[in-house]
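So this one's entry.pdb, PDB, C-alpha atoms, pLDDT in the B column:
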```pdb
ATOM      1  CA  MET A 253       6.499  17.944  -3.798  1.00 44.00           C
ATOM      2  CA  LYS A 254       7.994  15.590  -1.238  1.00 42.00           C
ATOM      3  CA  SER A 255       5.930  13.404   1.065  1.00 42.00           C
ATOM      4  CA  ARG A 256       6.980  15.328   4.161  1.00 42.00           C
ATOM      5  CA  ASN A 257       5.081  18.364   2.813  1.00 45.00           C
ATOM      6  CA  LEU A 258       1.859  16.386   3.001  1.00 43.00           C
ATOM      7  CA  LYS A 259       2.673  15.386   6.574  1.00 44.00           C
ATOM      8  CA  CYS A 260       2.695  19.066   7.471  1.00 43.00           C
ATOM      9  CA  ILE A 261      -0.756  19.785   6.072  1.00 43.00           C
ATOM     10  CA  VAL A 262      -2.553  16.505   6.836  1.00 43.00           C
ATOM     11  CA  PRO A 263      -2.881  17.238  10.597  1.00 42.00           C
ATOM     12  CA  MET A 264      -4.893  20.356   9.706  1.00 41.00           C
ATOM     13  CA  LEU A 265      -7.031  18.306   7.353  1.00 43.00           C
ATOM     14  CA  PHE A 266      -7.601  15.422   9.707  1.00 43.00           C
ATOM     15  CA  LEU A 267     -10.227  17.234  11.776  1.00 37.00           C
ATOM     16  CA  CYS A 268     -12.400  17.611   8.689  1.00 39.00           C
ATOM     17  CA  PHE A 269     -11.617  14.119   7.365  1.00 44.00           C
ATOM     18  CA  ALA A 270     -14.923  12.619   8.516  1.00 38.00           C
ATOM     19  CA  CYS A 271     -16.849  15.512   7.017  1.00 37.00           C
ATOM     20  CA  VAL A 272     -15.174  15.104   3.653  1.00 37.00           C
ATOM     21  CA  ILE A 273     -16.048  11.424   3.526  1.00 40.00           C
ATOM     22  CA  SER A 274     -19.598  11.627   4.857  1.00 38.00           C
ATOM     23  CA  VAL A 275     -21.018  14.685   3.116  1.00 40.00           C
ATOM     24  CA  GLY A 276     -18.843  14.955   0.012  1.00 42.00           C
ATOM     25  CA  VAL A 277     -17.414  18.408   0.728  1.00 46.00           C
ATOM     26  CA  SER A 278     -15.424  19.611  -2.279  1.00 52.00           C
ATOM     27  CA  ALA A 279     -11.734  20.370  -1.928  1.00 59.00           C
ATOM     28  CA  GLU A 280     -10.480  23.794  -0.916  1.00 71.00           C
ATOM     29  CA  VAL A 281      -7.139  25.515  -0.681  1.00 83.00           C
ATOM     30  CA  ILE A 282      -5.430  24.912   2.664  1.00 87.00           C
ATOM     31  CA  PRO A 283      -4.922  28.250   4.478  1.00 89.00           C
ATOM     32  CA  GLY A 284      -1.374  29.521   4.194  1.00 89.00           C
ATOM     33  CA  THR A 285      -0.551  27.276   1.222  1.00 90.00           C
ATOM     34  CA  SER A 286      -1.262  27.012  -2.486  1.00 88.00           C
ATOM     35  CA  LEU A 287      -2.282  23.365  -2.081  1.00 88.00           C
ATOM     36  CA  SER A 288      -5.721  21.894  -2.616  1.00 84.00           C
ATOM     37  CA  VAL A 289      -6.269  18.380  -1.230  1.00 83.00           C
ATOM     38  CA  HIS A 290      -8.951  16.190  -2.796  1.00 77.00           C
ATOM     39  CA  PHE A 291      -9.800  13.443  -0.308  1.00 78.00           C
ATOM     40  CA  GLU A 292     -13.069  12.864  -2.157  1.00 72.00           C
ATOM     41  CA  SER A 293     -11.092  11.532  -5.136  1.00 66.00           C
ATOM     42  CA  GLY A 294      -9.151   8.946  -3.113  1.00 67.00           C
ATOM     43  CA  ASN A 295     -10.093   5.343  -2.387  1.00 67.00           C
ATOM     44  CA  VAL A 296     -10.712   4.558   1.297  1.00 74.00           C
ATOM     45  CA  VAL A 297      -9.936   1.107   2.710  1.00 71.00           C
ATOM     46  CA  GLY A 298      -9.874   0.006   6.352  1.00 71.00           C
ATOM     47  CA  SER A 299      -7.263  -2.480   7.559  1.00 69.00           C
ATOM     48  CA  GLY A 300      -7.041  -3.404  11.239  1.00 74.00           C
ATOM     49  CA  ARG A 301      -6.699  -0.098  13.080  1.00 79.00           C
ATOM     50  CA  ASN A 302      -5.521   1.764   9.985  1.00 78.00           C
ATOM     51  CA  ILE A 303      -7.592   3.813   7.550  1.00 81.00           C
ATOM     52  CA  ASN A 304      -5.796   3.828   4.202  1.00 76.00           C
ATOM     53  CA  MET A 305      -6.537   6.368   1.479  1.00 77.00           C
ATOM     54  CA  HIS A 306      -5.114   5.594  -1.953  1.00 71.00           C
ATOM     55  CA  ARG A 307      -4.244   8.033  -4.737  1.00 69.00           C
ATOM     56  CA  VAL A 308      -5.278  11.265  -3.013  1.00 77.00           C
ATOM     57  CA  PRO A 309      -4.663  14.212  -5.393  1.00 75.00           C
ATOM     58  CA  VAL A 310      -2.800  17.215  -3.978  1.00 83.00           C
ATOM     59  CA  ILE A 311      -2.986  20.079  -6.478  1.00 81.00           C
ATOM     60  CA  ASN A 312      -0.900  23.241  -6.555  1.00 82.00           C
ATOM     61  CA  VAL A 313      -3.551  25.765  -7.585  1.00 80.00           C
ATOM     62  CA  GLU A 314      -0.906  28.210  -8.833  1.00 81.00           C
ATOM     63  CA  THR A 315       0.837  25.815 -11.209  1.00 79.00           C
ATOM     64  CA  GLY A 316      -1.861  23.195 -11.736  1.00 71.00           C
ATOM     65  CA  GLN A 317       0.613  20.437 -10.851  1.00 75.00           C
ATOM     66  CA  SER A 318      -1.059  17.396  -9.297  1.00 69.00           C
ATOM     67  CA  THR A 319       0.702  14.801  -7.143  1.00 79.00           C
ATOM     68  CA  LEU A 320      -0.950  11.604  -5.916  1.00 75.00           C
ATOM     69  CA  TYR A 321      -0.423  10.292  -2.397  1.00 80.00           C
ATOM     70  CA  ASP A 322      -1.241   7.195  -0.387  1.00 78.00           C
ATOM     71  CA  VAL A 323      -2.052   8.117   3.218  1.00 81.00           C
ATOM     72  CA  ALA A 324      -2.373   5.773   6.196  1.00 81.00           C
ATOM     73  CA  PHE A 325      -4.157   7.054   9.318  1.00 82.00           C
ATOM     74  CA  ARG A 326      -3.423   4.887  12.348  1.00 82.00           C
ATOM     75  CA  PHE A 327      -5.620   4.809  15.467  1.00 85.00           C
ATOM     76  CA  THR A 328      -5.414   3.452  18.975  1.00 87.00           C
ATOM     77  CA  PHE A 329      -8.400   2.629  21.180  1.00 87.00           C
ATOM     78  CA  ASN A 330      -9.343   2.418  24.825  1.00 88.00           C
ATOM     79  CA  PRO A 331     -12.812   2.023  26.377  1.00 90.00           C
ATOM     80  CA  ALA A 332     -12.660   5.360  28.193  1.00 89.00           C
ATOM     81  CA  ASP A 333     -11.793   7.572  25.226  1.00 86.00           C
ATOM     82  CA  GLY A 334     -12.747   5.460  22.216  1.00 87.00           C
ATOM     83  CA  PHE A 335     -10.720   5.799  19.025  1.00 86.00           C
ATOM     84  CA  MET A 336      -7.775   8.180  19.164  1.00 86.00           C
ATOM     85  CA  PHE A 337      -5.624   9.259  16.253  1.00 83.00           C
ATOM     86  CA  GLU A 338      -2.045   8.016  16.624  1.00 81.00           C
ATOM     87  CA  GLN A 339       0.042   8.360  13.480  1.00 76.00           C
ATOM     88  CA  ILE A 340       0.143   9.477   9.845  1.00 74.00           C
ATOM     89  CA  SER A 341       2.290   7.844   7.188  1.00 63.00           C
ATOM     90  CA  SER A 342       2.204   9.238   3.660  1.00 59.00           C
ATOM     91  CA  VAL A 343       4.018   8.415   0.441  1.00 65.00           C
ATOM     92  CA  VAL A 344       3.944   9.819  -3.073  1.00 56.00           C
ATOM     93  CA  VAL A 345       2.201   7.470  -5.481  1.00 60.00           C
ATOM     94  CA  SER A 346       4.632   6.556  -8.222  1.00 44.00           C
ATOM     95  CA  GLN A 347       3.872   6.692 -11.914  1.00 47.00           C
ATOM     96  CA  PRO A 348       3.421   3.362 -13.750  1.00 47.00           C
ATOM     97  CA  VAL A 349       6.088   1.221 -12.216  1.00 43.00           C
ATOM     98  CA  SER A 350       9.002  -0.417 -13.959  1.00 49.00           C
ATOM     99  CA  VAL A 351      10.254  -3.737 -12.658  1.00 44.00           C
ATOM    100  CA  ALA A 352      13.634  -2.066 -12.248  1.00 44.00           C
ATOM    101  CA  ASN A 353      12.072  -0.019  -9.447  1.00 65.00           C
ATOM    102  CA  ILE A 354      11.082  -3.047  -7.348  1.00 85.00           C
ATOM    103  CA  THR A 355      13.922  -3.210  -4.860  1.00 90.00           C
ATOM    104  CA  PRO A 356      14.767  -6.538  -3.186  1.00 94.00           C
ATOM    105  CA  GLY A 357      15.536  -6.388   0.504  1.00 95.00           C
ATOM    106  CA  LEU A 358      14.093  -6.581   3.992  1.00 96.00           C
ATOM    107  CA  TYR A 359      10.973  -4.507   4.699  1.00 96.00           C
ATOM    108  CA  LYS A 360       8.786  -3.917   7.739  1.00 95.00           C
ATOM    109  CA  ASP A 361       5.229  -2.712   8.254  1.00 94.00           C
ATOM    110  CA  GLN A 362       3.975  -0.113  10.755  1.00 91.00           C
ATOM    111  CA  THR A 363       3.886  -2.775  13.484  1.00 92.00           C
ATOM    112  CA  ASP A 364       7.507  -3.882  12.824  1.00 93.00           C
ATOM    113  CA  LEU A 365       6.548  -7.210  11.266  1.00 94.00           C
ATOM    114  CA  CYS A 366       9.157  -7.941   8.610  1.00 96.00           C
ATOM    115  CA  TYR A 367       9.024  -9.329   5.085  1.00 97.00           C
ATOM    116  CA  LEU A 368      11.870 -10.309   2.778  1.00 97.00           C
ATOM    117  CA  LEU A 369      11.577  -9.494  -0.922  1.00 97.00           C
ATOM    118  CA  GLU A 370      14.022 -11.904  -2.517  1.00 95.00           C
ATOM    119  CA  ARG A 371      16.143 -11.201  -5.569  1.00 91.00           C
ATOM    120  CA  PRO A 372      14.323 -12.027  -8.809  1.00 91.00           C
ATOM    121  CA  SER A 373      14.610 -15.038 -11.067  1.00 90.00           C
ATOM    122  CA  VAL A 374      14.497 -14.348 -14.806  1.00 87.00           C
ATOM    123  CA  LEU A 375      11.573 -15.907 -16.694  1.00 86.00           C
ATOM    124  CA  ASP A 376      10.722 -15.988 -20.390  1.00 71.00           C
ATOM    125  CA  ASP A 377       9.200 -13.011 -22.234  1.00 64.00           C
ATOM    126  CA  ASN A 378      11.402 -10.498 -20.400  1.00 76.00           C
ATOM    127  CA  ARG A 379       9.618 -11.127 -17.115  1.00 87.00           C
ATOM    128  CA  SER A 380      11.117 -11.645 -13.672  1.00 90.00           C
ATOM    129  CA  LEU A 381       9.744 -13.568 -10.694  1.00 93.00           C
ATOM    130  CA  TYR A 382       9.917 -12.069  -7.199  1.00 95.00           C
ATOM    131  CA  THR A 383       9.094 -13.900  -3.973  1.00 97.00           C
ATOM    132  CA  ILE A 384       8.149 -12.067  -0.786  1.00 97.00           C
ATOM    133  CA  ARG A 385       7.829 -13.917   2.514  1.00 96.00           C
ATOM    134  CA  GLY A 386       7.610 -13.267   6.229  1.00 96.00           C
ATOM    135  CA  ALA A 387      10.853 -12.824   8.187  1.00 95.00           C
ATOM    136  CA  ASP A 388      11.568 -12.961  11.924  1.00 93.00           C
ATOM    137  CA  ASN A 389      13.942 -11.044  14.185  1.00 93.00           C
ATOM    138  CA  THR A 390      16.898 -13.195  13.157  1.00 93.00           C
ATOM    139  CA  ALA A 391      16.871 -11.194   9.924  1.00 93.00           C
ATOM    140  CA  SER A 392      17.227  -7.873  11.764  1.00 94.00           C
ATOM    141  CA  GLY A 393      16.871  -6.359  15.202  1.00 92.00           C
ATOM    142  CA  ALA A 394      14.303  -4.036  13.632  1.00 93.00           C
ATOM    143  CA  CYS A 395      11.878  -6.973  13.336  1.00 94.00           C
ATOM    144  CA  ARG A 396       9.682  -7.513  16.391  1.00 90.00           C
ATOM    145  CA  SER A 397       8.539 -11.103  15.933  1.00 85.00           C
ATOM    146  CA  ASN A 398      10.551 -14.202  16.833  1.00 86.00           C
ATOM    147  CA  THR A 399       8.340 -16.256  14.512  1.00 86.00           C
ATOM    148  CA  PRO A 400       7.873 -15.192  10.890  1.00 89.00           C
ATOM    149  CA  ASP A 401       4.546 -14.598   9.218  1.00 90.00           C
ATOM    150  CA  TYR A 402       3.604 -17.613   7.100  1.00 93.00           C
ATOM    151  CA  PHE A 403       2.683 -15.206   4.301  1.00 96.00           C
ATOM    152  CA  THR A 404       4.405 -15.891   0.982  1.00 97.00           C
ATOM    153  CA  ALA A 405       3.572 -14.411  -2.407  1.00 97.00           C
ATOM    154  CA  GLN A 406       5.011 -14.489  -5.902  1.00 97.00           C
ATOM    155  CA  ILE A 407       5.009 -11.393  -8.090  1.00 96.00           C
ATOM    156  CA  ILE A 408       5.882 -11.388 -11.783  1.00 93.00           C
ATOM    157  CA  SER A 409       6.984  -8.276 -13.619  1.00 91.00           C
ATOM    158  CA  GLY A 410       5.391  -6.922 -16.758  1.00 88.00           C
ATOM    159  CA  SER A 411       1.830  -6.283 -17.846  1.00 88.00           C
ATOM    160  CA  ALA A 412      -1.145  -8.024 -16.251  1.00 91.00           C
ATOM    161  CA  THR A 413      -2.114  -9.118 -19.764  1.00 90.00           C
ATOM    162  CA  GLY A 414      -0.174 -12.241 -20.607  1.00 91.00           C
ATOM    163  CA  HIS A 415       0.880 -12.695 -16.971  1.00 93.00           C
ATOM    164  CA  PRO A 416       1.546 -16.443 -16.553  1.00 92.00           C
ATOM    165  CA  ASP A 417      -0.224 -16.693 -13.172  1.00 94.00           C
ATOM    166  CA  ILE A 418      -3.236 -14.389 -13.590  1.00 96.00           C
ATOM    167  CA  ASP A 419      -3.948 -14.051 -17.327  1.00 91.00           C
ATOM    168  CA  ASN A 420      -7.028 -16.302 -17.053  1.00 93.00           C
ATOM    169  CA  ARG A 421      -8.709 -14.044 -14.464  1.00 95.00           C
ATOM    170  CA  GLU A 422     -11.608 -11.967 -15.767  1.00 95.00           C
ATOM    171  CA  ILE A 423     -10.376  -8.828 -14.001  1.00 96.00           C
ATOM    172  CA  VAL A 424      -7.079  -8.651 -15.930  1.00 95.00           C
ATOM    173  CA  PRO A 425      -8.220  -6.181 -18.657  1.00 93.00           C
ATOM    174  CA  SER A 426      -9.307  -3.747 -15.917  1.00 93.00           C
ATOM    175  CA  LEU A 427      -6.080  -3.818 -13.883  1.00 93.00           C
ATOM    176  CA  ALA A 428      -4.028  -0.610 -13.879  1.00 88.00           C
ATOM    177  CA  ASP A 429      -0.390  -0.572 -14.937  1.00 86.00           C
ATOM    178  CA  THR A 430       0.603   1.212 -11.717  1.00 86.00           C
ATOM    179  CA  TYR A 431       1.236  -2.218 -10.157  1.00 92.00           C
ATOM    180  CA  VAL A 432       2.983  -5.432 -11.082  1.00 93.00           C
ATOM    181  CA  TYR A 433       0.890  -8.416 -10.078  1.00 96.00           C
ATOM    182  CA  GLY A 434       1.061 -11.852  -8.530  1.00 96.00           C
ATOM    183  CA  VAL A 435      -0.716 -14.243  -6.195  1.00 97.00           C
ATOM    184  CA  VAL A 436      -0.504 -15.235  -2.541  1.00 97.00           C
ATOM    185  CA  ALA A 437       1.121 -18.656  -2.164  1.00 96.00           C
ATOM    186  CA  ASP A 438       0.681 -19.114   1.612  1.00 96.00           C
ATOM    187  CA  ASP A 439      -1.893 -17.466   3.898  1.00 95.00           C
ATOM    188  CA  ALA A 440      -0.898 -14.685   6.274  1.00 94.00           C
ATOM    189  CA  ARG A 441      -1.102 -15.845   9.901  1.00 91.00           C
ATOM    190  CA  PHE A 442      -1.694 -12.626  11.870  1.00 91.00           C
ATOM    191  CA  ASN A 443      -4.653 -10.287  12.331  1.00 90.00           C
ATOM    192  CA  GLY A 444      -4.692  -6.627  13.290  1.00 90.00           C
ATOM    193  CA  VAL A 445      -1.748  -5.917  10.966  1.00 92.00           C
ATOM    194  CA  PRO A 446      -1.602  -4.644   7.364  1.00 93.00           C
ATOM    195  CA  ILE A 447      -0.929  -8.093   5.837  1.00 95.00           C
ATOM    196  CA  ASN A 448      -3.586  -9.999   7.748  1.00 95.00           C
ATOM    197  CA  GLN A 449      -5.645 -13.161   7.413  1.00 94.00           C
ATOM    198  CA  ASN A 450      -7.605 -11.646   4.518  1.00 95.00           C
ATOM    199  CA  TRP A 451      -4.457 -12.194   2.420  1.00 96.00           C
ATOM    200  CA  ARG A 452      -5.261 -15.793   1.513  1.00 96.00           C
ATOM    201  CA  GLN A 453      -3.786 -18.345  -0.839  1.00 96.00           C
ATOM    202  CA  ASN A 454      -4.477 -17.570  -4.521  1.00 96.00           C
ATOM    203  CA  SER A 455      -5.552 -13.987  -3.748  1.00 97.00           C
ATOM    204  CA  LEU A 456      -4.555 -11.457  -6.396  1.00 98.00           C
ATOM    205  CA  ILE A 457      -1.998  -8.916  -5.184  1.00 97.00           C
ATOM    206  CA  GLY A 458      -0.093  -6.022  -6.725  1.00 95.00           C
ATOM    207  CA  ALA A 459       3.208  -4.366  -5.851  1.00 95.00           C
ATOM    208  CA  ARG A 460       4.859  -1.047  -6.617  1.00 91.00           C
ATOM    209  CA  GLN A 461       7.842   0.837  -5.266  1.00 89.00           C
ATOM    210  CA  SER A 462       8.018   4.422  -4.036  1.00 84.00           C
ATOM    211  CA  GLY A 463      11.469   5.293  -2.767  1.00 82.00           C
ATOM    212  CA  GLU A 464      12.233   3.150   0.263  1.00 88.00           C
ATOM    213  CA  GLN A 465       8.643   1.925   0.518  1.00 90.00           C
ATOM    214  CA  LEU A 466       7.150  -1.167  -1.079  1.00 93.00           C
ATOM    215  CA  ILE A 467       3.392  -0.869  -1.473  1.00 92.00           C
ATOM    216  CA  LEU A 468       1.375  -4.081  -1.679  1.00 95.00           C
ATOM    217  CA  GLY A 469      -2.302  -4.146  -2.619  1.00 94.00           C
ATOM    218  CA  LEU A 470      -4.829  -6.933  -2.040  1.00 96.00           C
ATOM    219  CA  PHE A 471      -7.206  -7.198  -5.011  1.00 97.00           C
ATOM    220  CA  SER A 472      -9.261 -10.239  -3.944  1.00 96.00           C
ATOM    221  CA  ASP A 473     -11.991 -11.057  -1.461  1.00 95.00           C
ATOM    222  CA  GLY A 474     -12.407 -14.817  -1.490  1.00 93.00           C
ATOM    223  CA  VAL A 475     -12.980 -15.872  -5.109  1.00 93.00           C
ATOM    224  CA  ASP A 476     -13.853 -12.337  -6.258  1.00 96.00           C
ATOM    225  CA  ASP A 477     -11.234 -10.045  -7.818  1.00 96.00           C
ATOM    226  CA  PHE A 478     -11.394  -6.246  -8.017  1.00 96.00           C
ATOM    227  CA  LYS A 479      -9.649  -3.638 -10.166  1.00 93.00           C
ATOM    228  CA  ASP A 480      -8.725  -1.493  -7.140  1.00 92.00           C
ATOM    229  CA  PRO A 481      -7.012  -2.756  -3.976  1.00 92.00           C
ATOM    230  CA  LEU A 482      -9.312  -3.644  -1.091  1.00 93.00           C
ATOM    231  CA  GLU A 483      -6.431  -3.383   1.377  1.00 94.00           C
ATOM    232  CA  THR A 484      -2.979  -1.850   1.183  1.00 92.00           C
ATOM    233  CA  ALA A 485       0.189  -2.630   3.106  1.00 93.00           C
ATOM    234  CA  ILE A 486       2.899   0.033   3.099  1.00 92.00           C
ATOM    235  CA  LEU A 487       6.253  -1.592   3.880  1.00 94.00           C
ATOM    236  CA  THR A 488       9.405   0.403   4.605  1.00 93.00           C
ATOM    237  CA  ARG A 489      12.825  -0.907   3.681  1.00 93.00           C
ATOM    238  CA  VAL A 490      15.047  -1.822   6.632  1.00 94.00           C
ATOM    239  CA  VAL A 491      18.468  -0.213   6.211  1.00 85.00           C
ATOM    240  CA  GLU A 492      21.195  -1.245   8.653  1.00 72.00           C
TER     241      GLU A 492
END
```
Have the structure of the file written as structure tokens, please.
Amino acid sequence: MKSRNLKCIVPMLFLCFACVISVGVSAEVIPGTSLSVHFESGNVVGSGRNINMHRVPVINVETGQSTLYDVAFRFTFNPADGFMFEQISSVVVSQPVSVANITPGLYKDQTDLCYLLERPSVLDDNRSLYTIRGADNTASGACRSNTPDYFTAQIISGSATGHPDIDNREIVPSLADTYVYGVVADDARFNGVPINQNWRQNSLIGARQSGEQLILGLFSDGVDDFKDPLETAILTRVVE
């Protein structure tokens, strides 16, 4: 199933989204399809004016095939009408990621802030080091800002266990292999965007690739680490 199929059915589901979250309604087959969507099994995280749902199962009830999606619901707001739904972005969640699938290049978030994932440096133990940093509109006309985000992070391929930067963290045995991990080197400077001022120096982050999208997860809140991402930034590769 491709991600655009979910975009077709999510608008129908959105009206009952609040009900699913608040009262725990079990999943049901979407009328006119053979698809059952299980919002109750996803992880919900708010970020700025986005509501992100991670690893939402979509099950074909005829074949039993299950596909996991990340979904970002974006809202706008005005005092007269309150919150209004604006946009849906969805992406298939990849299986445990190989470092070969992390694609260097220029990426942008939903607000057109850009980030450059640099080509890797080879380390010992068959690991590679990736650096991602903010980029401004000199990198591409697709980037909106004339000053880059200060955000910089280093990600190292391979298992969380034995990772040279995070192996001493207590959370490591609980981290899933669906991400490769690293730490924030320099704080993010902006708020109200996916990579915001919660992404602080020494915070634990994870990265995985799904097609043209690079998905970053924030696994720290201050000095506390968590096995699931507290915030997610979905970055789309800029192709010119």
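Between CA of Leu365 in chain A and CA of Ala440 in chain A there is a distance of 11.7 Å.
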Go through A:Ser426, A:Gln362, A:Asn389, A:Ser397 and flag the residue nearest Ile447 in chain A, using all atoms listed in the file for the distances. A:Gln362
Do you know which residues the PyMOL selection byres ((chain A and resi 470) around 9) returns on this file, as a JSON list (two decimals) with C-alpha atoms, in the frame of the given file?
```json
[["chain", "number", "residue", "atom", "x", "y", "z"],
["A", 447, "ILE", "CA", -0.93, -8.09, 5.84],
["A", 450, "ASN", "CA", -7.60, -11.65, 4.52],
["A", 451, "TRP", "CA", -4.46, -12.19, 2.42],
["A", 455, "SER", "CA", -5.55, -13.99, -3.75],
["A", 456, "LEU", "CA", -4.56, -11.46, -6.40],
["A", 457, "ILE", "CA", -2.00, -8.92, -5.18],
["A", 458, "GLY", "CA", -0.09, -6.02, -6.72],
["A", 468, "LEU", "CA", 1.38, -4.08, -1.68],
["A", 469, "GLY", "CA", -2.30, -4.15, -2.62],
["A", 471, "PHE", "CA", -7.21, -7.20, -5.01],
["A", 472, "SER", "CA", -9.26, -10.24, -3.94],
["A", 473, "ASP", "CA", -11.99, -11.06, -1.46],
["A", 478, "PHE", "CA", -11.39, -6.25, -8.02],
["A", 480, "ASP", "CA", -8.72, -1.49, -7.14],
["A", 481, "PRO", "CA", -7.01, -2.76, -3.98],
["A", 482, "LEU", "CA", -9.31, -3.64, -1.09],
["A", 483, "GLU", "CA", -6.43, -3.38, 1.38],
["A", 484, "THR", "CA", -2.98, -1.85, 1.18],
["A", 485, "ALA", "CA", 0.19, -2.63, 3.11]]
```
Please identify all polymer residues within 9 Å of Tyr433 in chain A, counting all atoms listed in the file, omitting same-chain residues fewer than 6 positions from it, and present them as a PDB file with C-alpha atoms, in the frame of the given file.
```pdb
ATOM      1  CA  GLN A 406       5.011 -14.489  -5.902  1.00 97.00           C
ATOM      2  CA  ILE A 407       5.009 -11.393  -8.090  1.00 96.00           C
ATOM      3  CA  ILE A 408       5.882 -11.388 -11.783  1.00 93.00           C
ATOM      4  CA  SER A 409       6.984  -8.276 -13.619  1.00 91.00           C
ATOM      5  CA  GLY A 410       5.391  -6.922 -16.758  1.00 88.00           C
ATOM      6  CA  SER A 411       1.830  -6.283 -17.846  1.00 88.00           C
ATOM      7  CA  ALA A 412      -1.145  -8.024 -16.251  1.00 91.00           C
ATOM      8  CA  HIS A 415       0.880 -12.695 -16.971  1.00 93.00           C
ATOM      9  CA  ASP A 417      -0.224 -16.693 -13.172  1.00 94.00           C
ATOM     10  CA  ILE A 418      -3.236 -14.389 -13.590  1.00 96.00           C
ATOM     11  CA  LEU A 456      -4.555 -11.457  -6.396  1.00 98.00           C
ATOM     12  CA  ILE A 457      -1.998  -8.916  -5.184  1.00 97.00           C
ATOM     13  CA  GLY A 458      -0.093  -6.022  -6.725  1.00 95.00           C
ATOM     14  CA  ALA A 459       3.208  -4.366  -5.851  1.00 95.00           C
TER      15      ALA A 459
END
```
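You will find CA of Val475 in chain A at 11.4 Å from CA of Glu422 in chain A.
Distance annotation: of A:Ser462, A:Thr363, A:Asn302, A:Thr315, the residue with the minimal separation from Phe329 in chain A is A:Asn302; atom set is only C-alpha atoms.
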Can you find the residues with an atom no farther than 6 Å from (16.5, -8.8, -2.9), counting only C-alpha atoms, and report them as number ranges by chain? A: 356-357, 369-371
Restricting it to C-alpha atoms, dump the selection as a PDB file, in the frame of the given file.
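Once everything was written out, this is selection-v3.pdb:
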```
ATOM      1  CA  PRO A 356      14.767  -6.538  -3.186  1.00 94.00           C
ATOM      2  CA  GLY A 357      15.536  -6.388   0.504  1.00 95.00           C
ATOM      3  CA  LEU A 369      11.577  -9.494  -0.922  1.00 97.00           C
ATOM      4  CA  GLU A 370      14.022 -11.904  -2.517  1.00 95.00           C
ATOM      5  CA  ARG A 371      16.143 -11.201  -5.569  1.00 91.00           C
TER       6      ARG A 371
END
```
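Across the model, the gap from CA of Asn330 in chain A to CA of Thr488 in chain A is 27.6 Å.
The residue that comes closest to Asp322 in chain A, out of A:Thr390, A:Asn398, A:Asn420, A:Gln465 and on the basis of only C-alpha atoms, is A:Gln465.
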Pick from A:Val424, A:Phe442, A:Val308, A:Gln339 nearest to Pro400 in chain A, counting only C-alpha atoms: A:Phe442
